[in-house]
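Undergrad: Just one file: entry-v1.txt, with compact mmCIF, C-alpha atoms.
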# COMPACT_ATOMS: atom_id res chain seq x y z
CA MET A 3 231.19 -109.55 210.30
CA SER A 4 233.15 -106.29 210.40
CA VAL A 5 231.36 -103.14 211.49
CA THR A 6 232.13 -99.48 210.92
CA ILE A 7 231.97 -96.81 213.62
CA ALA A 8 231.46 -93.13 212.82
CA ILE A 9 233.73 -90.83 214.85
CA VAL A 10 232.47 -87.26 215.06
CA GLY A 11 234.88 -84.61 216.31
CA CYS A 12 236.81 -81.43 215.70
CA LEU A 13 240.15 -82.48 214.23
CA ASP A 14 241.73 -79.13 215.01
CA THR A 15 241.15 -79.07 218.78
CA LYS A 16 240.55 -82.81 219.43
CA GLY A 17 242.61 -84.40 216.69
CA GLU A 18 244.84 -86.41 219.01
CA GLU A 19 241.86 -87.82 220.87
CA MET A 20 239.92 -88.63 217.68
CA ALA A 21 242.99 -90.42 216.30
CA TYR A 22 243.21 -92.44 219.49
CA LEU A 23 239.54 -93.47 219.21
CA ARG A 24 240.12 -94.45 215.59
CA ASP A 25 243.16 -96.55 216.48
CA VAL A 26 241.36 -98.38 219.29
CA ILE A 27 238.35 -99.10 217.10
CA GLU A 28 240.52 -100.41 214.28
CA ALA A 29 242.58 -102.50 216.71
CA ALA A 30 239.32 -104.13 217.81
CA GLY A 31 238.70 -105.23 214.23
CA SER A 32 236.17 -102.57 213.31
CA GLY A 33 236.31 -99.91 210.65
CA ALA A 34 236.37 -96.19 211.46
CA TRP A 35 234.72 -93.37 209.52
CA VAL A 36 235.95 -90.01 210.80
CA ILE A 37 233.82 -86.89 210.33
CA ASP A 38 235.70 -83.63 210.90
CA THR A 39 233.58 -80.89 212.47
CA GLY A 40 236.44 -78.47 213.17
CA VAL A 41 236.44 -74.97 211.74
CA LEU A 42 239.44 -72.86 212.66
CA GLY A 43 242.75 -74.72 212.93
CA PRO A 44 244.11 -77.24 210.43
CA PRO A 45 242.97 -80.86 210.90
CA ALA A 46 245.36 -83.21 212.65
CA PHE A 47 244.79 -85.84 209.96
CA GLU A 48 242.63 -86.43 206.90
CA ALA A 49 239.04 -87.36 207.69
CA ASN A 50 236.74 -89.60 205.69
CA THR A 51 234.25 -86.72 205.65
CA ALA A 52 235.98 -83.34 205.48
CA ARG A 53 234.83 -80.26 207.36
CA GLU A 54 233.98 -78.51 204.10
CA ALA A 55 231.34 -81.16 203.39
CA VAL A 56 229.95 -80.84 206.92
CA ALA A 57 229.60 -77.06 206.56
CA ARG A 58 227.83 -77.43 203.20
CA ALA A 59 225.43 -79.99 204.65
CA GLY A 60 224.73 -77.53 207.47
CA GLY A 61 223.69 -74.81 205.02
CA SER A 62 226.82 -72.69 204.85
CA SER A 63 230.44 -72.91 203.75
CA LEU A 64 233.67 -73.27 205.66
CA GLU A 65 234.90 -69.97 204.25
CA LYS A 66 231.86 -68.10 205.61
CA LEU A 67 232.24 -69.69 209.04
CA ILE A 68 235.90 -68.75 209.23
CA ALA A 69 235.22 -65.19 208.06
CA GLY A 70 232.33 -64.80 210.47
CA ASN A 71 234.45 -65.82 213.47
CA ASP A 72 231.25 -66.62 215.39
CA ARG A 73 231.71 -69.75 217.51
CA GLY A 74 228.00 -70.14 218.21
CA GLN A 75 227.04 -69.87 214.56
CA ALA A 76 229.77 -72.31 213.57
CA MET A 77 228.58 -74.87 216.11
CA GLU A 78 225.01 -74.54 214.87
CA VAL A 79 226.00 -75.09 211.24
CA MET A 80 228.37 -77.97 211.97
CA SER A 81 225.77 -79.61 214.22
CA ARG A 82 223.20 -79.52 211.42
CA GLY A 83 225.73 -80.75 208.90
CA ALA A 84 227.01 -83.59 211.07
CA ALA A 85 223.45 -84.73 211.77
CA ALA A 86 222.54 -84.71 208.07
CA LEU A 87 225.66 -86.58 206.96
CA VAL A 88 225.50 -89.15 209.74
CA ARG A 89 221.89 -89.83 208.84
CA GLU A 90 222.93 -90.36 205.20
CA LEU A 91 225.66 -92.79 206.26
CA PHE A 92 223.14 -94.70 208.35
CA THR A 93 220.51 -94.77 205.60
CA SER A 94 223.05 -96.14 203.12
CA SER A 95 224.18 -98.78 205.67
CA GLN A 96 227.76 -97.45 205.78
CA ILE A 97 227.98 -97.17 209.57
CA ASP A 98 226.96 -99.46 212.42
CA GLY A 99 227.66 -97.25 215.44
CA ILE A 100 228.75 -93.74 216.39
CA ILE A 101 231.05 -92.18 218.98
CA ALA A 102 232.03 -88.61 219.88
CA ALA A 103 234.08 -87.08 222.67
CA GLY A 104 234.87 -83.63 224.01
CA GLY A 105 233.72 -80.63 225.98
CA SER A 106 230.69 -78.46 225.35
CA ALA A 107 231.28 -77.92 221.62
CA ASN A 108 232.07 -81.52 220.71
CA THR A 109 229.29 -82.73 223.02
CA THR A 110 226.75 -80.47 221.34
CA ILE A 111 227.78 -81.45 217.80
CA GLY A 112 228.11 -85.14 218.63
CA ALA A 113 224.74 -85.22 220.37
CA ALA A 114 223.04 -83.54 217.39
CA ALA A 115 224.45 -86.23 215.11
CA MET A 116 223.33 -89.01 217.45
CA GLN A 117 219.85 -87.60 217.85
CA SER A 118 219.38 -87.94 214.09
CA LEU A 119 219.73 -91.73 214.40
CA PRO A 120 217.00 -94.20 215.38
CA VAL A 121 216.55 -95.91 218.71
CA GLY A 122 218.66 -99.06 218.93
CA PHE A 123 221.55 -97.74 216.86
CA PRO A 124 224.70 -97.79 219.08
CA LYS A 125 225.62 -94.30 220.31
CA VAL A 126 228.39 -93.43 222.83
CA LEU A 127 229.21 -89.87 223.84
CA VAL A 128 232.20 -89.19 226.12
CA SER A 129 231.78 -85.77 227.69
CA THR A 130 233.15 -83.47 230.36
CA LEU A 131 229.50 -82.58 231.03
CA ALA A 132 228.18 -86.10 231.64
CA SER A 133 228.08 -85.96 235.44
CA GLY A 134 225.28 -83.38 235.54
CA ASP A 135 221.91 -82.93 233.87
CA VAL A 136 222.38 -84.51 230.43
CA SER A 137 218.82 -84.11 229.14
CA ALA A 138 219.85 -81.41 226.66
CA TRP A 139 222.14 -83.85 224.86
CA VAL A 140 220.39 -87.18 225.32
CA GLY A 141 216.98 -85.79 224.40
CA THR A 142 214.68 -88.66 223.49
CA ARG A 143 217.36 -90.94 222.05
CA ASP A 144 219.23 -93.85 223.64
CA ILE A 145 222.57 -92.05 223.81
CA THR A 146 225.06 -93.61 226.21
CA MET A 147 226.97 -90.77 227.91
CA MET A 148 230.24 -91.47 229.69
CA TYR A 149 231.85 -88.93 232.03
CA SER A 150 235.39 -88.14 230.90
CA VAL A 151 236.58 -87.54 234.53
CA VAL A 152 239.43 -85.38 233.21
CA ASP A 153 239.28 -82.81 230.46
CA ILE A 154 239.63 -84.27 227.01
CA ALA A 155 242.92 -82.51 226.36
CA GLY A 156 245.52 -84.95 225.21
CA ILE A 157 246.05 -88.64 225.87
CA ASN A 158 247.16 -89.54 229.39
CA ARG A 159 246.75 -92.57 231.60
CA ILE A 160 243.24 -91.52 232.68
CA SER A 161 241.86 -90.17 229.42
CA ALA A 162 243.35 -93.11 227.51
CA ALA A 163 241.56 -95.63 229.73
CA ILE A 164 238.21 -93.85 229.42
CA LEU A 165 238.41 -93.31 225.66
CA ARG A 166 239.56 -96.89 225.17
CA ASN A 167 236.60 -98.19 227.16
CA ALA A 168 234.21 -96.03 225.18
CA ALA A 169 235.67 -97.09 221.82
CA ASN A 170 235.55 -100.77 222.75
CA ALA A 171 232.02 -100.33 224.08
CA VAL A 172 230.60 -98.88 220.87
CA SER A 173 232.47 -101.47 218.79
CA SER A 174 230.99 -104.26 220.89
CA MET A 175 227.52 -102.73 220.71
CA ALA A 176 227.73 -102.55 216.93
CA ALA A 177 229.14 -106.06 216.57
CA GLY A 178 226.43 -107.50 218.79
CA LYS A 179 223.54 -105.53 217.33
CA LYS A 180 220.73 -107.66 216.00
CA GLU A 181 217.43 -106.42 214.75
CA VAL A 182 214.51 -107.76 216.77
CA GLU A 183 212.37 -109.54 214.24
CA SER A 184 208.62 -109.25 214.78
CA SER A 185 205.67 -109.10 212.47
CA ARG A 186 203.37 -107.79 215.20
CA PRO A 187 202.22 -104.19 214.74
CA LEU A 188 203.39 -101.83 217.48
CA ILE A 189 201.12 -99.91 219.82
CA ALA A 190 202.37 -97.09 222.04
CA ALA A 191 200.84 -96.76 225.50
CA SER A 192 201.30 -94.19 228.27
CA MET A 193 201.40 -95.21 231.93
CA PHE A 194 202.06 -93.78 235.39
CA GLY A 195 202.32 -95.63 238.68
CA VAL A 196 198.77 -94.60 239.53
CA THR A 197 197.38 -96.00 236.24
CA THR A 198 199.45 -99.19 236.12
CA PRO A 199 196.59 -101.68 236.68
CA CYS A 200 194.64 -100.19 233.78
CA VAL A 201 197.49 -100.15 231.28
CA THR A 202 198.74 -103.59 232.32
CA GLU A 203 195.35 -105.18 231.70
CA ALA A 204 194.82 -103.31 228.43
CA ARG A 205 198.27 -104.38 227.27
CA ARG A 206 197.46 -108.02 228.03
CA ILE A 207 194.32 -107.87 225.90
CA LEU A 208 196.09 -106.16 223.01
CA GLU A 209 198.99 -108.61 223.05
CA GLU A 210 196.57 -111.53 223.03
CA ALA A 211 195.03 -109.92 219.94
CA GLY A 212 198.39 -110.00 218.16
CA PHE A 213 199.90 -106.60 218.87
CA GLU A 214 203.17 -105.63 220.55
CA VAL A 215 202.64 -102.90 223.15
CA ILE A 216 205.44 -100.53 224.13
CA VAL A 217 204.73 -98.63 227.34
CA PHE A 218 206.13 -95.18 228.07
CA HIS A 219 206.39 -93.78 231.60
CA ALA A 220 204.62 -90.42 231.64
CA THR A 221 207.50 -88.51 233.23
CA GLY A 222 207.88 -85.69 230.74
CA THR A 223 210.78 -87.27 228.91
CA GLY A 224 208.66 -90.39 228.45
CA GLY A 225 205.89 -88.45 226.78
CA LYS A 226 208.32 -86.56 224.55
CA THR A 227 209.95 -89.83 223.54
CA MET A 228 206.62 -91.44 222.76
CA GLU A 229 205.52 -88.49 220.64
CA GLY A 230 208.85 -88.51 218.82
CA LEU A 231 208.70 -92.20 217.98
CA ILE A 232 205.09 -91.85 216.84
CA GLU A 233 206.23 -89.07 214.51
CA ASP A 234 209.02 -91.34 213.26
CA GLY A 235 206.41 -93.86 212.17
CA TYR A 236 207.14 -96.68 214.61
CA PHE A 237 203.55 -97.27 215.70
CA THR A 238 200.33 -98.58 214.21
CA ALA A 239 198.15 -97.08 216.95
CA VAL A 240 198.30 -95.33 220.33
CA LEU A 241 196.67 -96.13 223.67
CA ASP A 242 197.20 -92.79 225.41
CA LEU A 243 195.40 -93.46 228.69
CA THR A 244 197.76 -91.42 230.90
CA THR A 245 197.79 -87.78 229.83
CA THR A 246 199.07 -86.48 233.18
CA GLU A 247 201.99 -84.62 231.58
CA LEU A 248 199.49 -82.08 230.25
CA ALA A 249 198.71 -81.12 233.85
CA ASP A 250 202.37 -80.51 234.66
CA GLU A 251 202.77 -78.45 231.51
CA LEU A 252 199.70 -76.37 232.36
CA VAL A 253 200.40 -75.72 236.03
CA GLY A 254 204.21 -75.72 236.05
CA GLY A 255 205.11 -79.13 237.45
CA ILE A 256 208.40 -80.91 236.88
CA LEU A 257 207.11 -83.56 234.45
CA GLY A 258 205.75 -81.53 231.57
CA ALA A 259 206.29 -82.92 228.07
CA GLY A 260 205.97 -79.72 226.07
CA PRO A 261 203.17 -78.36 223.88
CA GLY A 262 203.53 -81.21 221.40
CA ARG A 263 202.15 -83.77 223.82
CA LEU A 264 199.04 -85.55 222.47
CA THR A 265 199.58 -84.37 218.90
CA ALA A 266 201.72 -86.91 217.01
CA ALA A 267 199.11 -89.65 216.56
CA GLY A 268 196.60 -87.11 215.35
CA SER A 269 199.00 -85.53 212.88
CA ARG A 270 199.96 -88.95 211.46
CA GLY A 271 196.34 -90.05 211.27
CA ILE A 272 196.81 -93.34 213.13
CA PRO A 273 194.12 -94.78 215.46
CA GLN A 274 194.22 -93.56 219.03
CA VAL A 275 192.27 -94.07 222.21
CA VAL A 276 192.80 -91.30 224.74
CA SER A 277 191.85 -90.99 228.38
CA VAL A 278 192.50 -88.68 231.32
CA GLY A 279 194.73 -90.84 233.49
CA ALA A 280 196.41 -88.99 236.39
CA THR A 281 195.21 -85.55 235.30
CA ASP A 282 194.23 -85.13 238.94
CA MET A 283 197.85 -84.40 239.85
CA VAL A 284 200.82 -82.16 239.21
CA ASN A 285 204.31 -83.37 240.14
CA PHE A 286 206.77 -81.39 242.21
CA SER A 287 209.92 -82.22 244.13
CA SER A 288 209.82 -82.78 247.87
CA VAL A 289 209.74 -78.99 248.44
CA THR A 290 206.37 -77.20 248.24
CA PRO A 291 206.66 -74.72 245.37
CA PRO A 292 206.11 -71.02 246.14
CA GLY A 293 202.59 -69.79 245.50
CA PHE A 294 200.94 -73.16 246.09
CA GLU A 295 201.09 -73.33 249.88
CA ASP A 296 197.31 -73.57 250.32
CA ARG A 297 196.83 -76.44 247.86
CA LEU A 298 196.17 -80.13 248.56
CA PHE A 299 199.38 -82.20 248.47
CA TYR A 300 200.17 -85.89 248.67
CA LYS A 301 203.67 -87.21 249.36
CA HIS A 302 204.15 -89.87 246.70
CA ASN A 303 207.71 -90.78 247.74
CA PRO A 304 210.71 -89.04 249.36
CA THR A 305 211.53 -87.12 246.17
CA VAL A 306 208.10 -86.49 244.59
CA THR A 307 205.14 -84.59 245.99
CA LEU A 308 201.82 -84.53 244.13
CA MET A 309 199.43 -81.57 244.06
CA ARG A 310 195.72 -81.99 243.31
CA THR A 311 194.52 -80.12 240.25
CA THR A 312 191.62 -77.75 240.86
CA ALA A 313 188.30 -77.67 239.06
CA ASP A 314 189.49 -74.66 237.05
CA GLU A 315 192.69 -76.42 236.02
CA CYS A 316 190.77 -79.57 235.15
CA GLY A 317 188.47 -77.53 232.93
CA LYS A 318 191.46 -76.17 231.05
CA LEU A 319 192.90 -79.66 230.69
CA GLY A 320 189.60 -80.86 229.29
CA ASP A 321 189.65 -78.03 226.75
CA GLU A 322 193.14 -79.03 225.61
CA ILE A 323 192.48 -82.76 225.42
CA ALA A 324 189.24 -82.30 223.50
CA ALA A 325 190.78 -79.84 221.03
CA LYS A 326 193.81 -82.01 220.30
CA VAL A 327 191.79 -85.17 219.78
CA ASP A 328 189.19 -83.35 217.68
CA ALA A 329 192.03 -82.13 215.41
CA ALA A 330 193.22 -85.70 214.72
CA LYS A 331 193.39 -86.73 211.07
CA GLY A 332 192.68 -90.36 211.94
CA PRO A 333 190.17 -92.36 214.01
CA ALA A 334 190.14 -91.38 217.68
CA ALA A 335 188.05 -91.77 220.80
CA ILE A 336 188.17 -90.31 224.31
CA LEU A 337 187.20 -92.62 227.17
CA LEU A 338 186.06 -91.05 230.43
CA PRO A 339 186.34 -93.08 233.68
CA LEU A 340 183.55 -91.41 235.66
CA ALA A 341 184.55 -93.00 238.99
CA GLY A 342 188.08 -91.57 239.06
CA VAL A 343 191.21 -90.95 237.01
CA SER A 344 194.01 -92.31 239.22
CA ALA A 345 194.70 -94.65 242.12
CA ILE A 346 194.28 -91.75 244.57
CA ASP A 347 191.31 -90.15 242.82
CA LYS A 348 188.41 -92.25 244.00
CA GLU A 349 186.08 -92.41 246.94
CA GLY A 350 188.01 -92.51 250.21
CA GLU A 351 191.39 -91.61 248.66
CA ALA A 352 193.44 -88.44 249.07
CA PHE A 353 192.59 -86.77 245.75
CA ASP A 354 188.90 -87.70 245.56
CA ASP A 355 187.25 -84.56 244.16
CA PRO A 356 183.96 -85.05 242.30
CA GLU A 357 183.74 -81.36 241.42
CA ALA A 358 187.16 -81.33 239.73
CA ARG A 359 186.41 -84.56 237.89
CA GLU A 360 183.12 -83.22 236.60
CA ALA A 361 184.81 -80.01 235.45
CA LEU A 362 187.24 -82.13 233.46
CA PHE A 363 184.55 -84.32 231.92
CA GLU A 364 182.17 -81.48 231.15
CA SER A 365 184.89 -79.50 229.41
CA ILE A 366 185.68 -82.50 227.20
CA ARG A 367 182.01 -83.01 226.39
CA ARG A 368 181.61 -79.34 225.52
CA ASN A 369 184.70 -79.01 223.32
CA SER A 370 185.02 -82.41 221.69
CA GLY A 371 183.63 -81.39 218.32
CA ASP A 372 183.46 -84.51 216.13
CA ALA A 373 185.63 -86.61 218.44
CA GLU A 374 183.92 -89.70 219.85
CA ILE A 375 183.34 -89.58 223.62
CA ILE A 376 182.67 -92.78 225.56
CA GLU A 377 181.63 -92.40 229.20
CA LEU A 378 182.01 -95.41 231.46
CA PRO A 379 180.79 -95.80 235.07
CA PHE A 380 184.14 -97.25 236.15
CA HIS A 381 187.35 -96.16 237.81
CA ILE A 382 190.30 -95.96 235.43
CA ASN A 383 191.97 -98.94 237.15
CA ASP A 384 188.89 -101.16 236.99
CA PRO A 385 189.44 -104.08 234.61
CA GLU A 386 186.20 -103.21 232.81
CA PHE A 387 187.59 -99.82 231.85
CA ALA A 388 190.88 -101.31 230.67
CA GLU A 389 189.05 -103.86 228.55
CA ALA A 390 186.81 -101.21 227.04
CA ALA A 391 189.84 -99.11 226.10
CA ALA A 392 191.68 -102.04 224.51
CA ARG A 393 188.61 -103.24 222.61
CA LYS A 394 187.89 -99.76 221.33
CA LEU A 395 191.43 -99.40 220.02
CA ILE A 396 191.18 -102.78 218.27
CA GLU A 397 187.91 -101.63 216.70
CA LEU A 398 189.55 -98.46 215.39
CA ILE A 399 192.52 -100.44 214.07
CA ASN A 400 190.19 -102.88 212.32
CA LYS A 401 188.51 -100.00 210.56
CA SER A 402 191.89 -98.72 209.40
CA GLY A 403 192.91 -102.15 208.10
CA ASP A 404 196.02 -102.72 210.25
CA ASN A 405 194.88 -105.61 212.44
CA PRO A 406 197.34 -108.55 212.31
CA ALA A 407 194.63 -111.12 212.95
Now that the file is in, can you turn its structure into structure tokens?
TA:
Amino acid sequence: MSVTIAIVGCLDTKGEEMAYLRDVIEAAGSGAWVIDTGVLGPPAFEANTAREAVARAGGSSLEKLIAGNDRGQAMEVMSRGAAALVRELFTSSQIDGIIAAGGSANTTIGAAAMQSLPVGFPKVLVSTLASGDVSAWVGTRDITMMYSVVDIAGINRISAAILRNAANAVSSMAAGKKEVESSRPLIAASMFGVTTPCVTEARRILEEAGFEVIVFHATGTGGKTMEGLIEDGYFTAVLDLTTTELADELVGGILGAGPGRLTAAGSRGIPQVVSVGATDMVNFSSVTPPGFEDRLFYKHNPTVTLMRTTADECGKLGDEIAAKVDAAKGPAAILLPLAGVSAIDKEGEAFDDPEAREALFESIRRNSGDAEIIELPFHINDPEFAEAAARKLIELINKSGDNPA
């Protein structure tokens, strides 16, 4: 079955390269749908979607962008327009994959278009910027970035090989794409290394009950991705046992997930069970951050050092958790593991701190409003706690009518 690949690029500055991608894709037996995001110079060839349409979809007109002569504004408009039009092509089943290539401008526009598409849709972005920190362009989507090695300025023996590989890669991805068929409702779960036993056992119980559990690593990006997919409507319920990213966001660690963490399930009104997994720690690199020299640290591995949260910080975390869960539009419960919140927060371990734990728990009790609080005399990694969390989520799902059983 033939597939069609969207090619997003500026046909004034990257016309030769976009034509080469088109030719390789068509030679592989796929169709090509070219979207022109150029503004200033004339296009090298006629696109399937002209730049005028992209500008309109972005909320402006090509004439205004040319008259304004503002590169930043033009990129913003064309990014919005490309994203909107690519999403329309996807929704109407006219494209099966997407590719873009270029420097900062083409990378920014191409990434915006790709971020408008769902997880699992083939996305390849060839970029001069792909050998550094690519989080700004990948975001929370499964974008495959390929380093261009040389500048994307003409077709030569190096650029041709790289663009050819990228074009063949996205064509193969699209041709081999199959939807994973499953009637099991999806549950999102958050996990960290120090809460793995808990989440693993809870997942086992939920899967035996007929659910499919997708686990997200609470590394900042993981939490953002989970929240984004919850907002997109992928999940029936959420088992958010590892809210550690809130601690990094509060204190200034390297794994914060932004202010939107622990909000999506509540805003969508789907069942959620929340706990305080790994809120005893803030993540830093191997270097002790300035201003924290007198704090308690634990070397987790050669690249990550953990810092124990204080009683004051735990109180603030409790305030935030309680407020966000109390604001939920759907059924929710907070489970408190009174014997410890991570593998190193229990009697005899490095982060054992009863005072900090109690500050966390008391703050949640005090600020929970109408949210249900369940206190259990277990450590978070005890199987009894995991079972209680899983059973409580099943109970909430049953009440909402989404149980597959």
Undergrad: Can you work out which one of A:Trp35, A:Phe47, A:Trp139, A:Tyr300 has the shortest atom-to-atom distance to Val88 in chain A, counting all atoms listed in the file?
TA: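 When distances to Val88 in chain A are compared using all atoms listed in the file, the smallest one comes from A:Trp35.
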Undergrad: So that I can see what lies close to Ala102 in chain A, please list as JSON, numbers by chain the residues with an atom at most 12 Å from it, counting only C-alpha atoms and leaving out residues fewer than 6 positions away in the same chain.
TA: {"A": [7, 8, 9, 10, 11, 12, 13, 16, 17, 19, 20, 21, 22, 23, 24, 35, 36, 37, 38, 39, 84, 108, 109, 110, 111, 112, 113, 114, 115, 116, 124, 125, 126, 127, 128, 129, 130, 145, 146, 147, 148, 150, 154, 165, 168, 169, 172]}
Undergrad: Mind giving me the straight-line distance from CA of Ala249 in chain A to CA of Ile272 in chain A in Å, one decimal?
TA: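 According to the coordinates, CA of Ala249 in chain A and CA of Ile272 in chain A are separated by 24.1 Å.
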Undergrad: Write out as a CSV table (one decimal) with C-alpha atoms, in the coordinates of the input the residues lying within 9 Å of Gly195 in chain A, counting all atoms listed in the file and excluding same-chain residues fewer than 4 positions away.
TA:
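Output contents, as saved in out01.csv:
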chain,number,residue,atom,x,y,z
A,199,PRO,CA,196.6,-101.7,236.7
A,219,HIS,CA,206.4,-93.8,231.6
A,344,SER,CA,194.0,-92.3,239.2
A,345,ALA,CA,194.7,-94.6,242.1
Undergrad: So that I can check the surroundings of range 380-385 of chain A, please list as a PyMOL selection string every protein, DNA and RNA residue that reaches within 12 Å of it, counting only C-alpha atoms and ignoring chain neighbours fewer than 2 positions away.
TA: chain A and resi 193-207+243-244+276-281+337-349+354+359+376-378+387-392
Undergrad: Can you tell me which residues surround Lys179 in chain A at a distance of at most 12 Å, considering all atoms listed in the file, apart from same-chain residues fewer than 4 positions away, and format the answer as a PyMOL selection string?
TA: chain A and resi 3-5+98-99+121-125+172-175
Undergrad: Just how far from CA of Ser106 in chain A is CA of Asn50 in chain A, in Å to one decimal?
TA: 23.4 Å
Undergrad: Counting all atoms listed in the file, find the residues whose atoms lie at most 7 Å from (188.0, -84.8, 218.9) (file coordinates) and write them out as an MDAnalysis selection string.
TA: chainID A and resid 324:330 370:374
Undergrad: May I ask which of the residues A:Thr305, A:Thr227, A:Asn158, A:Ser269 is the closest one to Glu18 in chain A, counting only C-alpha atoms?
TA: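 Using only C-alpha atoms, the shortest distance to Glu18 in chain A belongs to A:Asn158.
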Undergrad: Would you work out the distance separating CA of Ser81 in chain A from CA of Thr51 in chain A, expressed in Å to one decimal?
TA: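 CA of Thr51 in chain A lies at a distance of 14.0 Å from CA of Ser81 in chain A.
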Undergrad: When you look at range 394-404 of chain A with a cut-off of 9 Å (counting all atoms listed in the file), what residues show up, excluding the ones that are within fewer than 2 positions of it in the same chain? I need them as a ChimeraX atom specification.
TA: /A:187,208,211,238-241,272-275,332-335,389-392,406-407
Undergrad: Tell me which of A:Glu247, A:Glu233, A:Glu295, A:Asp242 sits closest to Ala220 in chain A, counting only C-alpha atoms.
TA: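 Closest candidate: A:Glu247.
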Undergrad: Identify which of the residues A:Ser32, A:Asn303, A:Asn71, A:Thr142 lies closest to Met228 in chain A, counting all atoms listed in the file when measuring atom-to-atom distances.
TA: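 Of all the options, A:Thr142 lies closest to Met228 in chain A.
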Undergrad: When you count only C-alpha atoms, which of these residues is closest to Thr265 in chain A: A:Glu48, A:Asp250, A:Glu322, A:Asp296?
TA: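 Closest candidate: A:Glu322.
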Undergrad: Where's the centre, and what are the edge lengths in Å to one decimal, of a box along x, y and z enclosing all listed atoms of range 366-380 of chain A padded 4 Å per side, as lines of an AutoDock Vina configuration file?
TA:
center_x = 183.2
center_y = -88.1
center_z = 226.1
size_x = 12.9
size_y = 26.2
size_z = 28.0
Undergrad: Pick out the closest residue to Ala69 in chain A from this set: A:Val41, A:Val253, A:Phe92, A:Leu298. Count all atoms listed in the file.
TA: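 Ranking A:Val41, A:Val253, A:Phe92, A:Leu298 by distance to Ala69 in chain A, first place goes to A:Val41.
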